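Reproduced below: start00.pdb, with PDB, C-alpha atoms.
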MODEL        1
ATOM      1  CA  MET A   1     -26.592  33.117  -2.549
ATOM      2  CA  PRO A   2     -24.130  36.028  -2.329
ATOM      3  CA  TRP A   3     -21.115  35.625  -4.618
ATOM      4  CA  ASN A   4     -18.570  35.823  -1.766
ATOM      5  CA  ILE A   5     -20.211  32.879   0.039
ATOM      6  CA  LEU A   6     -20.478  30.859  -3.181
ATOM      7  CA  LYS A   7     -16.863  31.662  -3.946
ATOM      8  CA  THR A   8     -15.798  30.416  -0.500
ATOM      9  CA  ILE A   9     -17.743  27.173  -0.994
ATOM     10  CA  LEU A  10     -16.233  26.609  -4.452
ATOM     11  CA  ILE A  11     -12.721  27.211  -3.142
ATOM     12  CA  GLY A  12     -13.380  24.757  -0.299
ATOM     13  CA  VAL A  13     -14.651  22.099  -2.734
ATOM     14  CA  LEU A  14     -11.631  22.660  -4.983
ATOM     15  CA  ILE A  15      -9.215  22.307  -2.056
ATOM     16  CA  LEU A  16     -11.004  19.115  -0.973
ATOM     17  CA  MET A  17     -10.774  17.649  -4.492
ATOM     18  CA  ILE A  18      -7.084  18.483  -4.748
ATOM     19  CA  THR A  19      -6.438  16.971  -1.307
ATOM     20  CA  LEU A  20      -8.288  13.771  -2.218
ATOM     21  CA  SER A  21      -6.397  13.560  -5.512
ATOM     22  CA  ILE A  22      -3.078  13.873  -3.692
ATOM     23  CA  ILE A  23      -4.102  11.198  -1.162
ATOM     24  CA  LEU A  24      -5.179   8.820  -3.948
ATOM     25  CA  LEU A  25      -1.945   9.485  -5.838
ATOM     26  CA  LEU A  26       0.137   8.749  -2.747
ATOM     27  CA  LEU A  27      -1.855   5.571  -2.079
ATOM     28  CA  SER A  28      -1.356   4.430  -5.681
ATOM     29  CA  MET A  29       2.394   4.862  -5.239
ATOM     30  CA  GLN A  30       2.514   2.686  -2.113
ATOM     31  CA  PRO A  31       3.618  -0.932  -2.537
ATOM     32  CA  PHE A  32       1.068  -3.643  -1.777
ATOM     33  CA  VAL A  33       3.774  -5.617   0.015
ATOM     34  CA  PRO A  34       5.807  -3.835   2.726
ATOM     35  CA  ASN A  35       9.480  -3.625   1.836
ATOM     36  CA  ASN A  36      10.390  -4.995   5.267
ATOM     37  CA  TYR A  37       7.797  -7.792   5.401
ATOM     38  CA  THR A  38      10.477 -10.488   5.709
ATOM     39  CA  GLN A  39      11.412  -8.941   9.066
ATOM     40  CA  THR A  40       7.943  -8.104  10.374
ATOM     41  CA  VAL A  41       5.620 -10.998   9.415
ATOM     42  CA  LYS A  42       4.981 -13.307  12.355
ATOM     43  CA  THR A  43       6.123 -16.901  11.992
ATOM     44  CA  GLY A  44       5.233 -20.012  13.955
ATOM     45  CA  GLY A  45       8.007 -22.420  13.030
ATOM     46  CA  GLU A  46      11.740 -22.577  12.382
ATOM     47  CA  LEU A  47      11.352 -23.529   8.739
ATOM     48  CA  GLU A  48       8.760 -20.835   8.132
ATOM     49  CA  ALA A  49      11.169 -18.286   9.604
ATOM     50  CA  LYS A  50      14.133 -19.671   7.640
ATOM     51  CA  TYR A  51      12.413 -19.362   4.270
ATOM     52  CA  LEU A  52      10.773 -16.044   5.069
ATOM     53  CA  ALA A  53      14.235 -14.529   5.557
ATOM     54  CA  MET A  54      16.131 -13.278   2.516
ATOM     55  CA  GLY A  55      18.198 -15.827   0.631
ATOM     56  CA  THR A  56      21.909 -15.526  -0.089
ATOM     57  CA  SER A  57      21.761 -14.171  -3.650
ATOM     58  CA  GLN A  58      21.939 -10.517  -4.548
ATOM     59  CA  VAL A  59      19.151  -9.609  -6.952
ATOM     60  CA  GLU A  60      19.027  -7.791 -10.274
ATOM     61  CA  HIS A  61      15.878  -6.360 -11.880
ATOM     62  CA  MET A  62      14.961  -5.854 -15.507
ATOM     63  CA  GLU A  63      11.863  -4.230 -17.043
ATOM     64  CA  VAL A  64      10.962  -5.157 -20.611
ATOM     65  CA  PRO A  65       8.437  -3.223 -22.736
ATOM     66  CA  THR A  66       5.858  -5.288 -24.624
ATOM     67  CA  GLU A  67       3.242  -4.689 -27.286
ATOM     68  CA  GLU A  68       0.520  -5.918 -24.937
ATOM     69  CA  GLU A  69      -2.044  -3.547 -23.415
ATOM     70  CA  TRP A  70      -0.376  -4.114 -20.027
ATOM     71  CA  SER A  71       2.852  -2.579 -21.376
ATOM     72  CA  SER A  72       5.716  -4.350 -19.606
ATOM     73  CA  ILE A  73       7.260  -7.424 -18.008
ATOM     74  CA  HIS A  74       9.317  -7.345 -14.808
ATOM     75  CA  VAL A  75      12.034  -9.916 -14.167
ATOM     76  CA  TYR A  76      14.040 -10.408 -10.971
ATOM     77  CA  TYR A  77      16.959 -12.822 -10.954
ATOM     78  CA  PRO A  78      20.105 -13.702  -8.966
ATOM     79  CA  LYS A  79      22.953 -11.355  -9.781
ATOM     80  CA  GLU A  80      25.406 -14.247 -10.122
ATOM     81  CA  MET A  81      23.384 -15.605 -13.050
ATOM     82  CA  ALA A  82      25.401 -13.506 -15.487
ATOM     83  CA  GLU A  83      28.626 -15.353 -14.635
ATOM     84  CA  SER A  84      27.116 -18.733 -13.873
ATOM     85  CA  GLU A  85      26.944 -21.734 -16.192
ATOM     86  CA  GLU A  86      23.906 -23.048 -14.323
ATOM     87  CA  SER A  87      20.248 -22.737 -15.266
ATOM     88  CA  TYR A  88      17.709 -21.390 -12.773
ATOM     89  CA  PRO A  89      14.173 -22.496 -11.904
ATOM     90  CA  VAL A  90      11.401 -20.024 -12.649
ATOM     91  CA  VAL A  91       8.366 -18.706 -10.776
ATOM     92  CA  VAL A  92       5.691 -16.766 -12.664
ATOM     93  CA  PHE A  93       3.578 -14.354 -10.601
ATOM     94  CA  VAL A  94      -0.073 -13.701 -11.507
ATOM     95  CA  ASN A  95      -1.394 -10.335 -10.309
ATOM     96  CA  GLY A  96      -4.456  -9.740  -8.214
ATOM     97  CA  THR A  97      -7.002  -7.213  -9.512
ATOM     98  CA  GLY A  98      -5.125  -4.016 -10.282
ATOM     99  CA  VAL A  99      -2.070  -5.182  -8.317
ATOM    100  CA  TYR A 100       0.593  -4.912 -11.013
ATOM    101  CA  SER A 101       3.955  -6.591 -10.534
ATOM    102  CA  SER A 102       5.535  -3.170 -10.024
ATOM    103  CA  LYS A 103       3.351  -2.798  -6.899
ATOM    104  CA  TYR A 104       4.905  -5.679  -4.965
ATOM    105  CA  PRO A 105       8.630  -5.810  -5.852
ATOM    106  CA  ALA A 106       9.599  -6.976  -2.353
ATOM    107  CA  LEU A 107       7.949 -10.349  -3.008
ATOM    108  CA  PHE A 108       9.835 -10.783  -6.281
ATOM    109  CA  LYS A 109      13.157  -9.785  -4.704
ATOM    110  CA  HIS A 110      12.684 -12.187  -1.822
ATOM    111  CA  LEU A 111      12.082 -15.227  -4.015
ATOM    112  CA  ALA A 112      14.850 -14.270  -6.455
ATOM    113  CA  SER A 113      17.265 -14.086  -3.503
ATOM    114  CA  TRP A 114      16.657 -17.835  -3.043
ATOM    115  CA  GLY A 115      17.957 -18.567  -6.535
ATOM    116  CA  PHE A 116      14.909 -18.241  -8.799
ATOM    117  CA  ILE A 117      14.156 -16.256 -11.928
ATOM    118  CA  VAL A 118      10.932 -14.502 -10.923
ATOM    119  CA  ILE A 119       8.757 -12.879 -13.561
ATOM    120  CA  GLY A 120       5.499 -10.946 -13.722
ATOM    121  CA  ASN A 121       3.729  -8.235 -15.682
ATOM    122  CA  GLU A 122       1.539  -5.156 -15.418
ATOM    123  CA  ASP A 123      -1.774  -6.793 -16.354
ATOM    124  CA  PRO A 124      -4.589  -5.523 -14.073
ATOM    125  CA  SER A 125      -6.971  -8.365 -15.009
ATOM    126  CA  THR A 126      -5.351 -11.796 -14.999
ATOM    127  CA  CYS A 127      -8.019 -14.417 -14.319
ATOM    128  CA  SER A 128      -7.781 -16.112 -17.729
ATOM    129  CA  GLY A 129      -4.090 -16.875 -17.262
ATOM    130  CA  SER A 130      -3.430 -15.446 -20.735
ATOM    131  CA  SER A 131      -0.985 -12.728 -19.680
ATOM    132  CA  ALA A 132       0.892 -15.205 -17.484
ATOM    133  CA  ASP A 133       1.200 -17.475 -20.519
ATOM    134  CA  THR A 134       2.482 -14.611 -22.685
ATOM    135  CA  THR A 135       4.995 -13.676 -19.993
ATOM    136  CA  LEU A 136       6.316 -17.226 -19.671
ATOM    137  CA  ALA A 137       6.489 -17.548 -23.467
ATOM    138  CA  TRP A 138       8.684 -14.430 -23.592
ATOM    139  CA  LEU A 139      11.114 -15.901 -21.059
ATOM    140  CA  LEU A 140      11.273 -19.272 -22.823
ATOM    141  CA  ASN A 141      12.045 -17.463 -26.084
ATOM    142  CA  GLU A 142      14.785 -15.501 -24.344
ATOM    143  CA  ASN A 143      16.263 -18.792 -23.186
ATOM    144  CA  GLU A 144      16.833 -19.652 -26.854
ATOM    145  CA  ASN A 145      18.142 -16.220 -27.853
ATOM    146  CA  PRO A 146      21.981 -16.037 -27.880
ATOM    147  CA  ASN A 147      21.780 -12.262 -27.470
ATOM    148  CA  SER A 148      19.692 -12.421 -24.291
ATOM    149  CA  ARG A 149      21.015 -12.340 -20.744
ATOM    150  CA  PHE A 150      18.684 -15.293 -20.109
ATOM    151  CA  TYR A 151      20.195 -17.433 -22.871
ATOM    152  CA  GLN A 152      20.414 -21.013 -21.564
ATOM    153  CA  LYS A 153      19.784 -19.696 -18.027
ATOM    154  CA  VAL A 154      16.204 -20.979 -17.695
ATOM    155  CA  ASP A 155      15.636 -24.394 -16.151
ATOM    156  CA  ALA A 156      12.636 -25.213 -18.319
ATOM    157  CA  GLU A 157      12.025 -28.463 -16.415
ATOM    158  CA  HIS A 158      11.341 -26.598 -13.164
ATOM    159  CA  ILE A 159       8.781 -23.825 -13.565
ATOM    160  CA  GLY A 160       6.298 -22.795 -10.890
ATOM    161  CA  ILE A 161       3.509 -20.244 -10.694
ATOM    162  CA  SER A 162       1.919 -18.236  -7.895
ATOM    163  CA  GLY A 163      -0.983 -15.807  -7.822
ATOM    164  CA  HIS A 164      -3.199 -13.975  -5.344
ATOM    165  CA  SER A 165      -6.948 -13.242  -5.435
ATOM    166  CA  GLN A 166      -7.974 -12.919  -9.108
ATOM    167  CA  GLY A 167      -4.407 -14.064  -9.736
ATOM    168  CA  GLY A 168      -5.171 -17.179  -7.704
ATOM    169  CA  VAL A 169      -7.873 -17.936 -10.274
ATOM    170  CA  GLY A 170      -5.371 -17.089 -13.024
ATOM    171  CA  VAL A 171      -3.025 -19.734 -11.621
ATOM    172  CA  PHE A 172      -5.592 -22.478 -12.240
ATOM    173  CA  ASN A 173      -6.273 -21.242 -15.759
ATOM    174  CA  ALA A 174      -2.579 -20.819 -16.583
ATOM    175  CA  ILE A 175      -1.777 -24.404 -15.577
ATOM    176  CA  ASN A 176      -4.921 -25.940 -17.074
ATOM    177  CA  GLU A 177      -6.101 -23.901 -20.062
ATOM    178  CA  GLN A 178      -3.250 -21.983 -21.679
ATOM    179  CA  PRO A 179      -0.819 -23.049 -24.462
ATOM    180  CA  HIS A 180       2.101 -23.414 -22.018
ATOM    181  CA  SER A 181       0.101 -25.265 -19.352
ATOM    182  CA  ASP A 182       2.380 -28.294 -19.658
ATOM    183  CA  SER A 183       5.439 -26.194 -18.820
ATOM    184  CA  TYR A 184       4.506 -25.856 -15.155
ATOM    185  CA  THR A 185       5.889 -28.178 -12.491
ATOM    186  CA  CYS A 186       3.963 -26.882  -9.463
ATOM    187  CA  ALA A 187       1.675 -24.072  -8.349
ATOM    188  CA  VAL A 188       0.588 -21.893  -5.423
ATOM    189  CA  SER A 189      -2.835 -20.257  -5.295
ATOM    190  CA  LEU A 190      -3.249 -17.564  -2.626
ATOM    191  CA  SER A 191      -6.801 -16.625  -1.643
ATOM    192  CA  PRO A 192      -8.317 -17.461  -5.043
ATOM    193  CA  THR A 193     -11.811 -16.114  -5.605
ATOM    194  CA  GLN A 194     -14.331 -18.749  -4.517
ATOM    195  CA  LEU A 195     -15.730 -20.828  -7.367
ATOM    196  CA  ASP A 196     -19.350 -19.654  -7.227
ATOM    197  CA  TRP A 197     -18.359 -16.032  -6.696
ATOM    198  CA  ALA A 198     -15.865 -16.263  -9.528
ATOM    199  CA  GLU A 199     -18.590 -17.580 -11.830
ATOM    200  CA  ALA A 200     -20.793 -14.619 -10.924
ATOM    201  CA  LEU A 201     -17.887 -12.318 -11.804
ATOM    202  CA  LYS A 202     -17.259 -14.185 -15.090
ATOM    203  CA  MET A 203     -13.906 -15.506 -13.875
ATOM    204  CA  HIS A 204     -14.426 -19.137 -14.844
ATOM    205  CA  TYR A 205     -11.944 -21.794 -13.738
ATOM    206  CA  GLU A 206     -11.931 -25.566 -13.370
ATOM    207  CA  PRO A 207      -9.743 -26.824 -10.495
ATOM    208  CA  ASN A 208     -10.652 -30.433 -11.319
ATOM    209  CA  LYS A 209      -8.249 -30.218 -14.291
ATOM    210  CA  THR A 210      -5.282 -29.626 -11.968
ATOM    211  CA  ASN A 211      -2.700 -32.402 -12.260
ATOM    212  CA  ILE A 212       0.480 -30.837 -10.832
ATOM    213  CA  PRO A 213       1.346 -30.341  -7.134
ATOM    214  CA  ILE A 214      -0.523 -27.340  -5.749
ATOM    215  CA  PHE A 215      -0.439 -25.442  -2.463
ATOM    216  CA  ILE A 216      -3.615 -23.457  -1.677
ATOM    217  CA  LEU A 217      -3.617 -20.849   1.090
ATOM    218  CA  ALA A 218      -6.255 -18.433   2.350
ATOM    219  CA  ALA A 219      -7.176 -16.417   5.411
ATOM    220  CA  ALA A 220      -9.334 -18.253   7.947
ATOM    221  CA  GLU A 221     -11.831 -15.392   7.691
ATOM    222  CA  ASN A 222     -12.217 -12.015   5.957
ATOM    223  CA  ASP A 223     -11.238 -13.456   2.593
ATOM    224  CA  VAL A 224     -12.772 -13.876  -0.872
ATOM    225  CA  ILE A 225     -12.997 -17.602  -0.260
ATOM    226  CA  THR A 226     -14.517 -19.413   2.714
ATOM    227  CA  PRO A 227     -13.048 -22.482   4.426
ATOM    228  CA  ASP A 228     -15.695 -24.554   2.625
ATOM    229  CA  GLY A 229     -14.620 -22.942  -0.640
ATOM    230  CA  VAL A 230     -11.007 -23.905   0.014
ATOM    231  CA  LYS A 231     -12.088 -27.475   0.725
ATOM    232  CA  GLN A 232     -13.987 -27.504  -2.570
ATOM    233  CA  LEU A 233     -10.771 -26.630  -4.424
ATOM    234  CA  TYR A 234      -8.826 -29.238  -2.486
ATOM    235  CA  ASP A 235     -11.354 -31.950  -3.276
ATOM    236  CA  ALA A 236     -11.374 -31.010  -6.966
ATOM    237  CA  ALA A 237      -7.612 -31.007  -7.678
ATOM    238  CA  ASN A 238      -6.290 -34.295  -9.076
ATOM    239  CA  SER A 239      -2.711 -34.039  -7.875
ATOM    240  CA  ASP A 240      -0.510 -33.839  -4.810
ATOM    241  CA  LYS A 241      -2.046 -30.998  -2.836
ATOM    242  CA  VAL A 242      -1.904 -29.089   0.431
ATOM    243  CA  VAL A 243      -4.316 -26.502   1.805
ATOM    244  CA  ALA A 244      -3.989 -24.325   4.892
ATOM    245  CA  LEU A 245      -5.778 -21.336   6.409
ATOM    246  CA  ARG A 246      -3.795 -18.566   8.081
ATOM    247  CA  LYS A 247      -5.327 -17.396  11.361
ATOM    248  CA  ASP A 248      -5.911 -13.725  12.209
ATOM    249  CA  MET A 249      -5.216 -12.590   8.680
ATOM    250  CA  ASP A 250      -7.144 -10.764   5.946
ATOM    251  CA  HIS A 251      -7.409 -11.115   2.199
ATOM    252  CA  GLY A 252      -4.886  -8.449   1.180
ATOM    253  CA  LYS A 253      -2.143  -9.600   3.528
ATOM    254  CA  MET A 254      -2.393 -13.174   2.275
ATOM    255  CA  LEU A 255      -0.312 -11.964  -0.676
ATOM    256  CA  TYR A 256       2.762 -12.097   1.561
ATOM    257  CA  SER A 257       1.933 -13.294   5.089
ATOM    258  CA  ALA A 258       2.513 -16.988   4.288
ATOM    259  CA  ASP A 259       5.545 -16.349   2.099
ATOM    260  CA  GLY A 260       7.824 -18.438   4.305
ATOM    261  CA  TYR A 261       5.932 -21.570   3.366
ATOM    262  CA  VAL A 262       5.352 -20.451  -0.226
ATOM    263  CA  THR A 263       9.116 -20.129  -0.641
ATOM    264  CA  ALA A 264       9.651 -23.479   1.082
ATOM    265  CA  TRP A 265       7.144 -25.066  -1.334
ATOM    266  CA  PHE A 266       9.028 -23.775  -4.371
ATOM    267  CA  MET A 267      12.388 -24.722  -2.854
ATOM    268  CA  TRP A 268      11.108 -28.272  -2.388
ATOM    269  CA  GLN A 269       9.246 -28.647  -5.663
ATOM    270  CA  LEU A 270      11.653 -26.789  -7.962
ATOM    271  CA  LYS A 271      15.049 -27.242  -6.264
ATOM    272  CA  ASP A 272      14.612 -30.561  -4.446
ATOM    273  CA  ASP A 273      15.423 -28.933  -1.106
ATOM    274  CA  THR A 274      14.936 -31.737   1.443
ATOM    275  CA  GLU A 275      14.987 -29.295   4.365
ATOM    276  CA  ALA A 276      12.122 -27.294   2.835
ATOM    277  CA  ALA A 277      10.196 -30.524   2.259
ATOM    278  CA  LYS A 278      10.043 -31.065   6.037
ATOM    279  CA  ALA A 279       7.528 -28.221   6.213
ATOM    280  CA  PHE A 280       5.045 -30.423   4.341
ATOM    281  CA  VAL A 281       6.140 -34.066   4.455
ATOM    282  CA  GLY A 282       5.881 -36.607   7.253
ATOM    283  CA  GLU A 283       3.730 -37.018  10.345
ATOM    284  CA  ASP A 284       5.729 -34.254  12.044
ATOM    285  CA  ALA A 285       5.604 -31.777   9.153
ATOM    286  CA  GLU A 286       6.064 -28.270  10.538
ATOM    287  CA  LEU A 287       2.982 -26.837   8.849
ATOM    288  CA  LEU A 288       0.791 -29.365  10.688
ATOM    289  CA  ARG A 289       1.921 -28.099  14.096
ATOM    290  CA  ASN A 290       2.290 -24.390  13.323
ATOM    291  CA  PRO A 291      -0.115 -22.490  15.643
ATOM    292  CA  LEU A 292      -0.640 -19.746  13.043
ATOM    293  CA  TYR A 293      -2.418 -22.119  10.648
ATOM    294  CA  GLN A 294      -5.557 -24.242  10.787
ATOM    295  CA  ASP A 295      -7.603 -26.649   8.660
ATOM    296  CA  ILE A 296      -4.449 -28.093   7.112
ATOM    297  CA  THR A 297      -5.138 -30.944   4.699
ATOM    298  CA  ARG A 298      -2.814 -32.855   2.372
ATOM    299  CA  ASN A 299      -3.069 -36.052   0.377
ATOM    300  CA  PHE A 300       0.458 -37.346   0.936
ATOM    301  CA  GLU A 301       2.660 -38.240   3.915
TER     302      GLU A 301
ENDMDL
END
Using the file provided, produce a representation of the structure as structure tokens.
Amino acid sequence: MPWNILKTILIGVLILMITLSIILLLLSMQPFVPNNYTQTVKTGGELEAKYLAMGTSQVEHMEVPTEEEWSSIHVYYPKEMAESEESYPVVVFVNGTGVYSSKYPALFKHLASWGFIVIGNEDPSTCSGSSADTTLAWLLNENENPNSRFYQKVDAEHIGISGHSQGGVGVFNAINEQPHSDSYTCAVSLSPTQLDWAEALKMHYEPNKTNIPIFILAAAENDVITPDGVKQLYDAANSDKVVALRKDMDHGKMLYSADGYVTAWFMWQLKDDTEAAKAFVGEDAELLRNPLYQDITRNFE
């Protein structure tokens, strides 16, 4: 092949590689949760809309380096915390595969605006619940440190946890297998990897050990767990529990598409919000009649 033709081909390949690298870099910089999701996600009920909207608190953010392989912890908290004498309930986030906490700040900000300390990390592989446990341990230590901004600010009696995909598996392991399992008050598992598939991927978890209130959500189709798989988790949990499938949704968007009800769940369970409870409690619970959800099951009225 003449050198000029080979040279043209090589230049073309080089340009293509550079272009692909730029595209991949730009994609890696994009958040996994749209910054405006609280204004664009469709809702099917007044309470869902209320708790999907931003809360009243302004939010501060803090990044803390760690000695762990995953390098850092991210904390979002109400700005008024610094001047307040109150303590604040906590929600720990467990990442999906490769979805570090720095990739979905909008979700953290939203929940913190409702008066929570919200904390996560940069661990790309979270199924064991170990990094969630380490992250919570750090915050509980800060609560006892007079030099910390979180000194006596953590309501250690009201701690929740939420995770998506592999993180949904990590939720079960954090609340059932880790040293600080007993610290959790309630949980949310979003599109957790189905039990048999998780076993094949060496992401073992045992939902039958669950003994705190749990809310399990998944997409009705196009998810890493089937409706039968969701029912299997529901049947296994030994606690107050609710499951629901979001219609016309896919796996990735389940991270934030049901956030109105996720926030309502934490408001009810961690802050005793009786208005939020109406989304789940009673014969006329809003979730039961929301047209965006199906296969809703709960074991309490």
Identify which of the residues A:Gln232, A:Val171, A:Pro179, A:Ala156 lies closest to Glu142 (chain A), counting only C-alpha atoms when measuring atom-to-atom distances.
A:Ala156
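One distance worth recording is that between CA of Asp240 (chain A) and CA of Lys109 (chain A), which is 27.7 Å.
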What does the PyMOL selection byres ((chain A and resi 150) around 10) select in this file, as an NGL selection string?
:A and (77 or 81-82 or 87-88 or 117 or 139-149 or 151-154)
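Atom to atom, CA of Asn208 (chain A) and CA of Thr193 (chain A) stand 15.5 Å apart.
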On this structure, the PyMOL selection byres ((chain A and resi 268) around 12) would catch which residues? List them as a ChimeraX atom specification, sorted by chain and number.
/A:51,89,114,158,160,185-187,213,215,261-267,269-281
Distance query Asp182 (chain A) at most 12 Å, all atoms listed in the file, self and fewer than 2 positions along chain excluded, as a tab-separated table (two decimals) with C-alpha atoms, keeping the file's coordinate frame:
chain	number	residue	atom	x	y	z
A	133	ASP	CA	1.20	-17.48	-20.52
A	136	LEU	CA	6.32	-17.23	-19.67
A	156	ALA	CA	12.64	-25.21	-18.32
A	157	GLU	CA	12.02	-28.46	-16.42
A	158	HIS	CA	11.34	-26.60	-13.16
A	159	ILE	CA	8.78	-23.82	-13.56
A	160	GLY	CA	6.30	-22.80	-10.89
A	173	ASN	CA	-6.27	-21.24	-15.76
A	174	ALA	CA	-2.58	-20.82	-16.58
A	175	ILE	CA	-1.78	-24.40	-15.58
A	176	ASN	CA	-4.92	-25.94	-17.07
A	177	GLU	CA	-6.10	-23.90	-20.06
A	178	GLN	CA	-3.25	-21.98	-21.68
A	179	PRO	CA	-0.82	-23.05	-24.46
A	180	HIS	CA	2.10	-23.41	-22.02
A	184	TYR	CA	4.51	-25.86	-15.16
A	185	THR	CA	5.89	-28.18	-12.49
A	186	CYS	CA	3.96	-26.88	-9.46
A	210	THR	CA	-5.28	-29.63	-11.97
A	211	ASN	CA	-2.70	-32.40	-12.26
A	212	ILE	CA	0.48	-30.84	-10.83
What residues come out when you apply the PyMOL selection byres ((chain A and resi 294) around 9) to this file, written as a PDB file with C-alpha atoms, keeping the file's coordinate frame?
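Final output, saved to out31.pdb:
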ATOM      1  CA  ALA A 220      -9.334 -18.253   7.947  1.00  0.00           C
ATOM      2  CA  ALA A 244      -3.989 -24.325   4.892  1.00  0.00           C
ATOM      3  CA  LEU A 245      -5.778 -21.336   6.409  1.00  0.00           C
ATOM      4  CA  ARG A 246      -3.795 -18.566   8.081  1.00  0.00           C
ATOM      5  CA  LYS A 247      -5.327 -17.396  11.361  1.00  0.00           C
ATOM      6  CA  LEU A 288       0.791 -29.365  10.688  1.00  0.00           C
ATOM      7  CA  ASN A 290       2.290 -24.390  13.323  1.00  0.00           C
ATOM      8  CA  PRO A 291      -0.115 -22.490  15.643  1.00  0.00           C
ATOM      9  CA  LEU A 292      -0.640 -19.746  13.043  1.00  0.00           C
ATOM     10  CA  TYR A 293      -2.418 -22.119  10.648  1.00  0.00           C
ATOM     11  CA  ASP A 295      -7.603 -26.649   8.660  1.00  0.00           C
ATOM     12  CA  ILE A 296      -4.449 -28.093   7.112  1.00  0.00           C
TER      13      ILE A 296
END
As a check of understanding: the span from CA of Ile216 (chain A) to CA of Gly229 (chain A) is 11.1 Å
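Proximity ranking of A:Val90, A:Val33, A:Ala219, A:Ala132 relative to Leu190 (chain A) places A:Ala219 first, based on only C-alpha atoms.
In this comparison, which uses only C-alpha atoms, the residue of A:Thr134, A:Ser57, A:Ser101, A:Asn222 approaching Phe32 (chain A) most closely is A:Ser101.
Among the candidates A:His251, A:Gly44, A:Ser181, A:Thr226, the one nearest to Trp197 (chain A) when counting all atoms listed in the file is A:Thr226.
Distances here use only C-alpha atoms; by that measure, the residue among A:Gly260, A:Pro192, A:Gly252, A:Gly282 closest to Leu47 (chain A) is A:Gly260.
Minimum atom-to-atom distances from A:Glu83, A:Phe93, A:Pro34, A:Gly115 to Thr56 (chain A) were compared using only C-alpha atoms, and the lowest value belongs to A:Gly115.
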Near-Leu195 (chain A) list (10 Å; all atoms listed in the file; drop same-chain fewer than 6 positions) as a VMD selection string
chain A and resid 169 201 203 to 207 224 to 225 229 to 230 232 to 233
Need the shell around Asn36 (chain A): protein/DNA/RNA residues with any atom at most 12 Å away, counting all atoms listed in the file. Skip same-chain ones fewer than 6 positions apart. Format as an MDAnalysis selection string?
chainID A and resid 52:54 104:107 109:110 256:257
If we count all atoms listed in the file and set the cut-off at 6 Å, which residues sit around His164 (chain A), ignoring sequence neighbours fewer than 3 positions away in its own chain? Please answer as an NGL selection string.
:A and (96 or 167-168 or 190-191 or 255)
